[in-house]
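**Student:** Dropping in upload31.csv, which is CSV, C-alpha atoms:
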```csv
chain,number,residue,atom,x,y,z
A,1,THR,CA,16.4,-29.6,12.6
A,2,ARG,CA,15.4,-26.8,10.2
A,3,PHE,CA,14.3,-23.3,10.8
A,4,PHE,CA,13.6,-20.5,8.4
A,5,PRO,CA,12.8,-16.7,8.6
A,6,VAL,CA,10.2,-15.2,6.2
A,7,ARG,CA,11.4,-12.2,4.3
A,8,THR,CA,8.7,-10.4,2.2
A,9,ILE,CA,7.7,-6.8,2.1
A,10,ASP,CA,4.1,-7.9,1.3
A,11,ASN,CA,3.6,-9.1,4.9
A,12,ASP,CA,1.1,-11.7,3.5
A,13,VAL,CA,2.1,-14.9,5.2
A,14,TYR,CA,-0.2,-17.0,7.5
A,15,PRO,CA,0.1,-17.1,10.5
A,16,ILE,CA,3.0,-14.7,10.9
A,17,GLN,CA,2.1,-11.3,12.3
A,18,GLN,CA,5.0,-9.4,10.7
A,19,THR,CA,7.4,-10.5,8.0
A,20,PHE,CA,11.0,-9.2,7.8
A,21,GLY,CA,11.4,-6.0,5.7
A,22,ALA,CA,7.8,-5.0,5.5
A,23,ASP,CA,8.0,-2.2,8.1
A,24,THR,CA,11.2,-0.9,6.6
A,25,ALA,CA,9.7,-0.8,3.1
A,26,ALA,CA,6.7,1.1,4.3
A,27,LEU,CA,8.8,3.7,6.0
A,28,GLN,CA,11.1,4.1,2.9
A,29,GLY,CA,8.0,4.3,0.6
A,30,ALA,CA,6.8,7.2,2.7
A,31,ILE,CA,10.2,8.9,2.5
A,32,PHE,CA,10.1,8.5,-1.3
A,33,PHE,CA,6.8,10.2,-1.5
A,34,THR,CA,7.9,13.2,0.6
A,35,LYS,CA,10.1,14.1,-2.4
A,36,ILE,CA,7.6,13.2,-5.2
A,37,VAL,CA,4.8,15.2,-3.7
A,38,SER,CA,6.6,18.4,-4.4
A,39,GLU,CA,5.6,17.8,-8.1
A,40,SER,CA,2.1,18.8,-7.1
A,41,THR,CA,3.2,22.5,-7.5
A,42,ALA,CA,4.8,21.9,-10.9
A,43,ASN,CA,1.6,22.1,-12.9
A,44,PRO,CA,-2.0,23.2,-12.4
A,45,ARG,CA,-4.5,20.4,-11.7
A,46,MET,CA,-1.7,17.8,-11.1
A,47,LEU,CA,-2.6,14.2,-10.4
A,48,ILE,CA,0.1,12.1,-8.7
A,49,LEU,CA,-0.4,8.3,-8.6
A,50,HIS,CA,1.9,6.6,-6.1
A,51,LYS,CA,2.2,2.9,-7.1
A,52,VAL,CA,3.2,0.7,-4.2
A,53,MET,CA,4.4,-2.9,-4.3
A,54,GLY,CA,2.2,-5.5,-2.6
A,55,ARG,CA,0.0,-7.2,-5.2
A,56,ASP,CA,-3.0,-8.9,-3.6
A,57,SER,CA,-2.0,-8.4,0.1
A,58,GLY,CA,-2.4,-4.6,0.3
A,59,TYR,CA,-0.5,-4.2,3.5
A,60,LEU,CA,2.4,-2.1,2.1
A,61,THR,CA,0.2,0.6,0.5
A,62,PRO,CA,-1.8,1.6,3.7
A,63,ARG,CA,1.2,1.3,5.9
A,64,THR,CA,3.3,3.5,3.6
A,65,ALA,CA,0.4,6.0,3.6
A,66,TYR,CA,0.3,5.9,7.4
A,67,TYR,CA,3.9,6.7,7.8
A,68,TYR,CA,3.7,9.5,5.2
A,69,CYS,CA,0.7,11.0,7.0
A,70,GLU,CA,2.6,10.8,10.3
A,71,SER,CA,5.6,12.7,8.8
A,72,LEU,CA,3.3,15.3,7.2
A,73,SER,CA,1.6,16.0,10.6
A,74,LYS,CA,5.0,17.1,12.0
A,75,LEU,CA,5.5,19.8,9.3
A,76,ASN,CA,4.7,23.5,9.8
A,77,PHE,CA,3.5,25.4,6.7
A,78,ALA,CA,4.0,29.2,6.4
A,79,SER,CA,0.6,30.3,5.0
A,80,PRO,CA,-2.4,28.9,3.1
A,81,LEU,CA,-1.6,31.6,0.5
A,82,PHE,CA,1.4,29.6,-0.7
A,83,PRO,CA,0.7,26.9,-3.4
A,84,SER,CA,2.1,24.1,-1.1
A,85,SER,CA,0.0,23.4,2.0
A,86,LYS,CA,-0.8,20.5,4.2
A,87,ALA,CA,-4.0,19.9,2.3
A,88,SER,CA,-2.2,19.9,-1.1
A,89,ARG,CA,0.5,17.6,0.1
A,90,ASP,CA,-1.9,15.2,2.0
A,91,ILE,CA,-3.1,11.9,0.7
A,92,HIS,CA,-6.5,12.1,-0.9
A,93,ALA,CA,-7.1,8.4,-1.6
A,94,VAL,CA,-5.7,5.0,-0.6
A,95,TRP,CA,-6.7,2.1,-2.8
A,96,ILE,CA,-5.9,-1.5,-2.0
A,97,PRO,CA,-7.2,-4.8,-3.5
A,98,LYS,CA,-9.5,-5.7,-0.5
A,99,LEU,CA,-11.0,-2.2,-0.2
A,100,LYS,CA,-13.8,-2.0,-2.9
A,101,PHE,CA,-14.5,1.3,-4.5
A,102,GLY,CA,-16.6,2.6,-7.4
A,103,MET,CA,-14.6,4.4,-10.1
A,104,VAL,CA,-17.5,6.8,-10.8
A,105,SER,CA,-18.3,7.7,-7.2
A,106,GLU,CA,-14.6,7.9,-6.2
A,107,GLY,CA,-13.9,10.0,-9.2
A,108,ALA,CA,-16.7,12.4,-8.3
A,109,ARG,CA,-15.3,12.7,-4.7
A,110,LEU,CA,-11.8,13.3,-5.9
A,111,LYS,CA,-12.9,15.9,-8.5
A,112,LYS,CA,-14.2,18.1,-5.7
A,113,LEU,CA,-10.8,17.9,-4.0
A,114,MET,CA,-9.0,18.7,-7.3
A,115,ASP,CA,-11.2,21.7,-7.8
A,116,GLU,CA,-10.4,22.9,-4.2
A,117,TYR,CA,-6.7,22.2,-4.0
A,118,GLY,CA,-5.5,22.1,-7.6
A,119,CYS,CA,-3.9,18.7,-7.2
A,120,LEU,CA,-4.5,15.1,-6.1
A,121,ASN,CA,-2.3,12.5,-4.4
A,122,VAL,CA,-3.4,8.9,-4.7
A,123,PHE,CA,-1.7,5.8,-3.2
A,124,PHE,CA,-2.5,2.4,-4.7
A,125,GLY,CA,-1.2,-1.1,-4.5
A,126,GLU,CA,0.0,-2.7,-7.7
A,127,GLY,CA,-2.8,-5.3,-7.7
A,128,THR,CA,-5.6,-2.8,-6.9
A,129,GLY,CA,-8.8,-2.3,-8.8
A,130,VAL,CA,-8.7,-5.1,-11.4
A,131,GLU,CA,-12.3,-6.0,-10.7
A,132,GLU,CA,-13.4,-2.4,-10.7
A,133,ILE,CA,-11.4,-1.7,-13.9
A,134,VAL,CA,-13.1,-4.7,-15.7
A,135,LYS,CA,-16.5,-3.3,-14.7
A,136,ASP,CA,-15.6,0.2,-15.8
A,137,MET,CA,-14.3,-1.1,-19.2
A,138,GLU,CA,-17.4,-3.1,-19.8
A,139,SER,CA,-19.6,-0.1,-18.9
A,140,ARG,CA,-17.7,1.9,-21.5
A,141,GLY,CA,-18.1,-0.8,-24.1
A,142,GLU,CA,-14.4,-1.5,-24.2
A,143,GLU,CA,-13.1,-5.0,-24.8
A,144,VAL,CA,-11.7,-6.8,-21.7
A,145,PRO,CA,-8.5,-8.8,-22.6
A,146,ARG,CA,-9.0,-12.4,-21.7
A,147,ASP,CA,-6.9,-15.6,-22.1
A,148,ALA,CA,-7.8,-18.8,-23.9
A,149,PHE,CA,-9.8,-20.0,-20.9
A,150,GLY,CA,-11.8,-16.8,-20.6
A,151,TYR,CA,-10.0,-15.4,-17.6
A,152,VAL,CA,-9.1,-11.8,-17.4
A,153,SER,CA,-5.5,-11.3,-18.6
A,154,LEU,CA,-4.0,-9.5,-15.7
A,155,ALA,CA,-0.8,-8.8,-17.5
A,156,LYS,CA,-2.7,-6.6,-20.0
A,157,ILE,CA,-4.6,-4.7,-17.4
A,158,ASN,CA,-2.2,-2.2,-16.0
A,159,PRO,CA,-3.9,-0.3,-13.1
A,160,GLY,CA,-1.4,2.5,-13.2
A,161,GLU,CA,-2.0,3.2,-16.8
A,162,TYR,CA,-5.7,2.8,-16.5
A,163,PHE,CA,-6.0,5.1,-13.5
A,164,SER,CA,-3.8,7.7,-15.1
A,165,LYS,CA,-6.0,7.8,-18.2
A,166,HIS,CA,-9.5,7.4,-16.8
A,167,LEU,CA,-9.2,9.0,-13.4
A,168,ALA,CA,-7.4,12.0,-15.0
A,169,GLU,CA,-10.5,12.4,-17.3
A,170,GLN,CA,-12.9,12.2,-14.3
A,171,VAL,CA,-11.1,14.8,-12.2
A,172,GLY,CA,-10.0,17.1,-15.0
A,173,ALA,CA,-6.3,16.6,-14.4
A,174,GLU,CA,-4.0,18.7,-16.7
A,175,LYS,CA,-1.0,16.5,-16.0
A,176,THR,CA,-0.7,13.0,-14.5
A,177,ILE,CA,2.4,11.2,-13.3
A,178,VAL,CA,2.7,7.6,-12.0
A,179,GLN,CA,5.6,7.1,-9.5
A,180,LYS,CA,6.7,3.7,-8.3
A,181,SER,CA,8.4,3.4,-5.0
A,182,GLY,CA,8.9,-0.4,-5.0
A,183,TYR,CA,12.6,-0.8,-5.8
A,184,PHE,CA,13.6,2.2,-3.7
A,185,ALA,CA,11.6,0.8,-0.7
A,186,ARG,CA,12.7,-2.8,-0.8
A,187,SER,CA,16.4,-2.1,-1.3
A,188,ALA,CA,16.8,-0.2,1.9
A,189,ALA,CA,18.7,-1.4,5.0
A,190,ALA,CA,16.5,-2.7,7.8
A,191,ASN,CA,15.2,-0.1,10.2
A,192,GLU,CA,15.2,-0.5,14.0
A,193,PHE,CA,11.9,-2.2,14.1
A,194,ASP,CA,13.0,-4.9,11.6
A,195,ARG,CA,16.4,-5.3,13.2
A,196,ASN,CA,14.8,-6.0,16.5
A,197,LEU,CA,12.3,-8.4,14.9
A,198,ILE,CA,15.2,-10.2,13.1
A,199,GLY,CA,17.2,-10.4,16.4
A,200,ASP,CA,14.2,-11.8,18.3
A,201,CYS,CA,13.6,-14.5,15.7
A,202,ALA,CA,17.3,-15.4,15.5
A,203,LYS,CA,17.5,-15.8,19.2
A,204,VAL,CA,14.5,-18.0,19.4
A,205,GLY,CA,15.6,-19.8,16.3
A,206,VAL,CA,18.9,-20.9,17.9
A,207,GLU,CA,17.1,-22.0,21.0
A,208,SER,CA,14.6,-24.0,18.9
A,209,ALA,CA,17.5,-25.6,16.9
A,210,ILE,CA,19.3,-26.7,20.1
A,211,ALA,CA,16.0,-28.2,21.3
A,212,GLY,CA,15.6,-30.0,18.0
A,213,VAL,CA,12.5,-28.1,17.0
A,214,SER,CA,12.0,-27.2,13.4
A,215,GLY,CA,9.8,-24.5,12.0
A,216,CYS,CA,9.4,-21.1,10.4
A,217,MET,CA,10.5,-18.3,12.7
A,218,GLY,CA,8.0,-15.5,13.4
A,219,GLN,CA,5.3,-14.0,15.6
A,220,ASP,CA,2.5,-16.7,15.7
A,221,GLU,CA,-0.9,-15.0,15.3
A,222,GLY,CA,-2.5,-18.4,16.0
A,223,LYS,CA,-1.2,-18.4,19.6
A,224,GLU,CA,-2.3,-16.1,22.4
A,225,GLY,CA,0.0,-13.1,22.7
A,226,HIS,CA,1.5,-13.8,19.2
A,227,PRO,CA,4.7,-15.3,20.7
A,228,THR,CA,7.9,-15.5,18.5
A,229,ARG,CA,8.4,-19.2,17.9
A,230,ALA,CA,9.2,-22.0,15.4
A,231,ILE,CA,5.9,-22.2,13.6
A,232,GLU,CA,5.0,-25.6,12.2
A,233,PHE,CA,5.8,-25.6,8.4
A,234,GLU,CA,2.3,-27.1,7.5
A,235,ARG,CA,0.6,-24.0,9.0
A,236,VAL,CA,2.7,-21.5,6.9
A,237,LYS,CA,1.3,-20.3,3.6
A,238,GLY,CA,1.0,-17.1,1.6
A,239,GLY,CA,-2.0,-15.1,0.5
A,240,LYS,CA,-2.9,-13.5,3.8
A,241,PRO,CA,-5.0,-10.4,3.0
A,242,PHE,CA,-4.6,-7.0,4.8
A,243,ASP,CA,-7.0,-6.6,7.7
A,244,THR,CA,-8.9,-3.4,6.9
A,245,THR,CA,-10.6,-3.4,10.3
A,246,GLN,CA,-7.4,-2.3,12.1
A,247,GLU,CA,-8.0,0.9,14.1
A,248,TRP,CA,-5.0,2.8,12.6
A,249,PHE,CA,-6.2,2.1,9.1
A,250,GLN,CA,-9.8,3.0,9.7
A,251,GLN,CA,-8.8,6.3,11.4
A,252,MET,CA,-6.5,7.2,8.5
A,253,ILE,CA,-9.1,6.7,5.8
A,254,LYS,CA,-11.6,8.7,7.8
A,255,GLU,CA,-9.2,11.6,8.2
A,256,ILE,CA,-8.5,11.7,4.4
A,257,GLY,CA,-12.3,11.7,3.8
A,258,GLN,CA,-12.4,8.3,2.1
A,259,ALA,CA,-14.7,6.6,4.6
```
Represent the structure of the file as structure tokens.
**Tutor:**
Amino acid sequence: TRFFPVRTIDNDVYPIQQTFGADTAALQGAIFFTKIVSESTANPRMLILHKVMGRDSGYLTPRTAYYYCESLSKLNFASPLFPSSKASRDIHAVWIPKLKFGMVSEGARLKKLMDEYGCLNVFFGEGTGVEEIVKDMESRGEEVPRDAFGYVSLAKINPGEYFSKHLAEQVGAEKTIVQKSGYFARSAAANEFDRNLIGDCAKVGVESAIAGVSGCMGQDEGKEGHPTRAIEFERVKGGKPFDTTQEWFQQMIKEIGQA
């Protein structure tokens, strides 16, 4: 009998609803940005790019943004006359791999916000915008790095560097910083949500082992009610994309004016 838990902050494993550590990492990434966002007052027309781990999944970026917005909503600001306000400390864009966007149109939208608030705060997943970056490079007549088989060389297309250069030009930023929360977020001790999740999986795992049932422990999205159970190994695989239709996500991007 064998049973295994799944630990990844990407939360991108079929058919598991929530992997160990993902919620903790999202909350810690939000805490990280509560400190970094103060840099928005350090220079006129400041562009802050918050690079979040997650590669192709995209889960960690929006969930981190959600927790940050939640914490921001609880703050009281003295007066709009001060340089730091809710609007200036808010998130102005959330970019993830599955959410398509046009660099030109998004740049135009963000420039208006930069003109109004004097700063911009953008959250993006580390695998975001490769397709859009390639299109933008080609439209500018720039050479797209490719390997011997003609595929785009992802190692040579650094979204953080690209955004910091080209988005800064589009919005007229005077200073740009790229801050990465990944190592800070994933090194944290498990929060209450993850401790409860781990406890539930461990309990069911022991019961399954005693019953002679092997599997990967987790909340099974393929079963009604998403029960915690020993999921058949042949059904478990990576590459699960973030579901952008979730109500909390749609509400968040509407509130920040991205939708």
**Student:** Write out as a list in words the residues lying within 8 Å of Asp115 of chain A, counting only C-alpha atoms and excluding same-chain residues fewer than 4 positions away.
**Tutor:**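 Close residues of Asp115 of chain A: Arg45, Lys111 and Cys119 of chain A.
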**Student:** Nearest to Ser139 of chain A among A:Gly218, A:Leu167, A:Phe124, A:Val104, with distances taken over all atoms listed in the file: which residue is it?
**Tutor:**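 Checking each of A:Gly218, A:Leu167, A:Phe124, A:Val104 against Ser139 of chain A, counting all atoms listed in the file, the winner is A:Val104.
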**Student:** Up to 10 Å from (-10.9, 12.0, 3.0) in the file's coordinates: name the residues, counting all atoms listed in the file, as a PyMOL selection string.
**Tutor:** chain A and resi 90-94+109-110+113+252-259
**Student:** For a test of reading the model, state the distance in Å between atom CA of Thr34 of chain A and atom CA of Trp95 of chain A, rounded to one decimal.
**Tutor:**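 Between these atoms lies a distance of 18.7 Å.
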**Student:** Nearest to Gly102 of chain A: which of A:Cys69, A:Ala148, A:Val134, A:Ile198 is it, counting all atoms listed in the file?
**Tutor:**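 Of all the options, A:Val134 lies closest to Gly102 of chain A.
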**Student:** Which neighbours of Tyr183 of chain A fall inside 10 Å, counting only C-alpha atoms, when residues of the same chain fewer than 6 positions from it are skipped, and could you give them as a PyMOL selection string?
**Tutor:** chain A and resi 25+29+52-53
**Student:** What lies within 8 Å of Lys100 of chain A using only C-alpha atoms, ignoring chain neighbours under 2 positions off, as number ranges by chain?
**Tutor:** A: 96-98, 102, 129, 132
**Student:** Give me the residues within 9 Å of Lys51 of chain A as a VMD selection string, counting only C-alpha atoms and dropping any in the same chain fewer than 6 places off.
**Tutor:** chain A and resid 61 122 to 126 160 178 to 182
**Student:** Find the distance between atom CA of Ser38 of chain A and atom CA of Ser84 of chain A and write it in Å to one decimal.
**Tutor:**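 Going from atom CA of Ser38 of chain A over to atom CA of Ser84 of chain A, I get 8.0 Å.
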**Student:** Between A:Thr176, A:Ser164, A:Ser40, A:Asn191, which has the minimum distance to Leu27 of chain A (counting all atoms listed in the file)?
**Tutor:**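 Comparing A:Thr176, A:Ser164, A:Ser40, A:Asn191 against Leu27 of chain A, the winner is A:Asn191.
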**Student:** Please provide as a ChimeraX atom specification all residues within 9 Å of segment 228-236 of chain A, with the sequence filter that same-chain residues fewer than 4 positions apart are discarded (counting only C-alpha atoms).
**Tutor:** /A:3-4,13-16,200-201,204-205,208,213-220
**Student:** Restricting the calculation to only C-alpha atoms, which member of A:Ala188, A:Ala22, A:Ala108, A:Ile31 is positioned closest to Arg7 of chain A?
**Tutor:**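 Of A:Ala188, A:Ala22, A:Ala108, A:Ile31, the one nearest Arg7 of chain A, counting only C-alpha atoms, is A:Ala22.
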**Student:** Mind pulling up the distance from atom CA of Glu174 of chain A to atom CA of Phe82 of chain A?
**Tutor:**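 Separating atom CA of Phe82 of chain A from atom CA of Glu174 of chain A is a distance of 20.1 Å.
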**Student:** Here is a test: counting only C-alpha atoms, which residue of A:His166, A:Arg186, A:Met114, A:Thr8 is nearest to Phe32 of chain A?
**Tutor:**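 Residue with the minimum atom-to-atom distance to Phe32 of chain A: A:Arg186.
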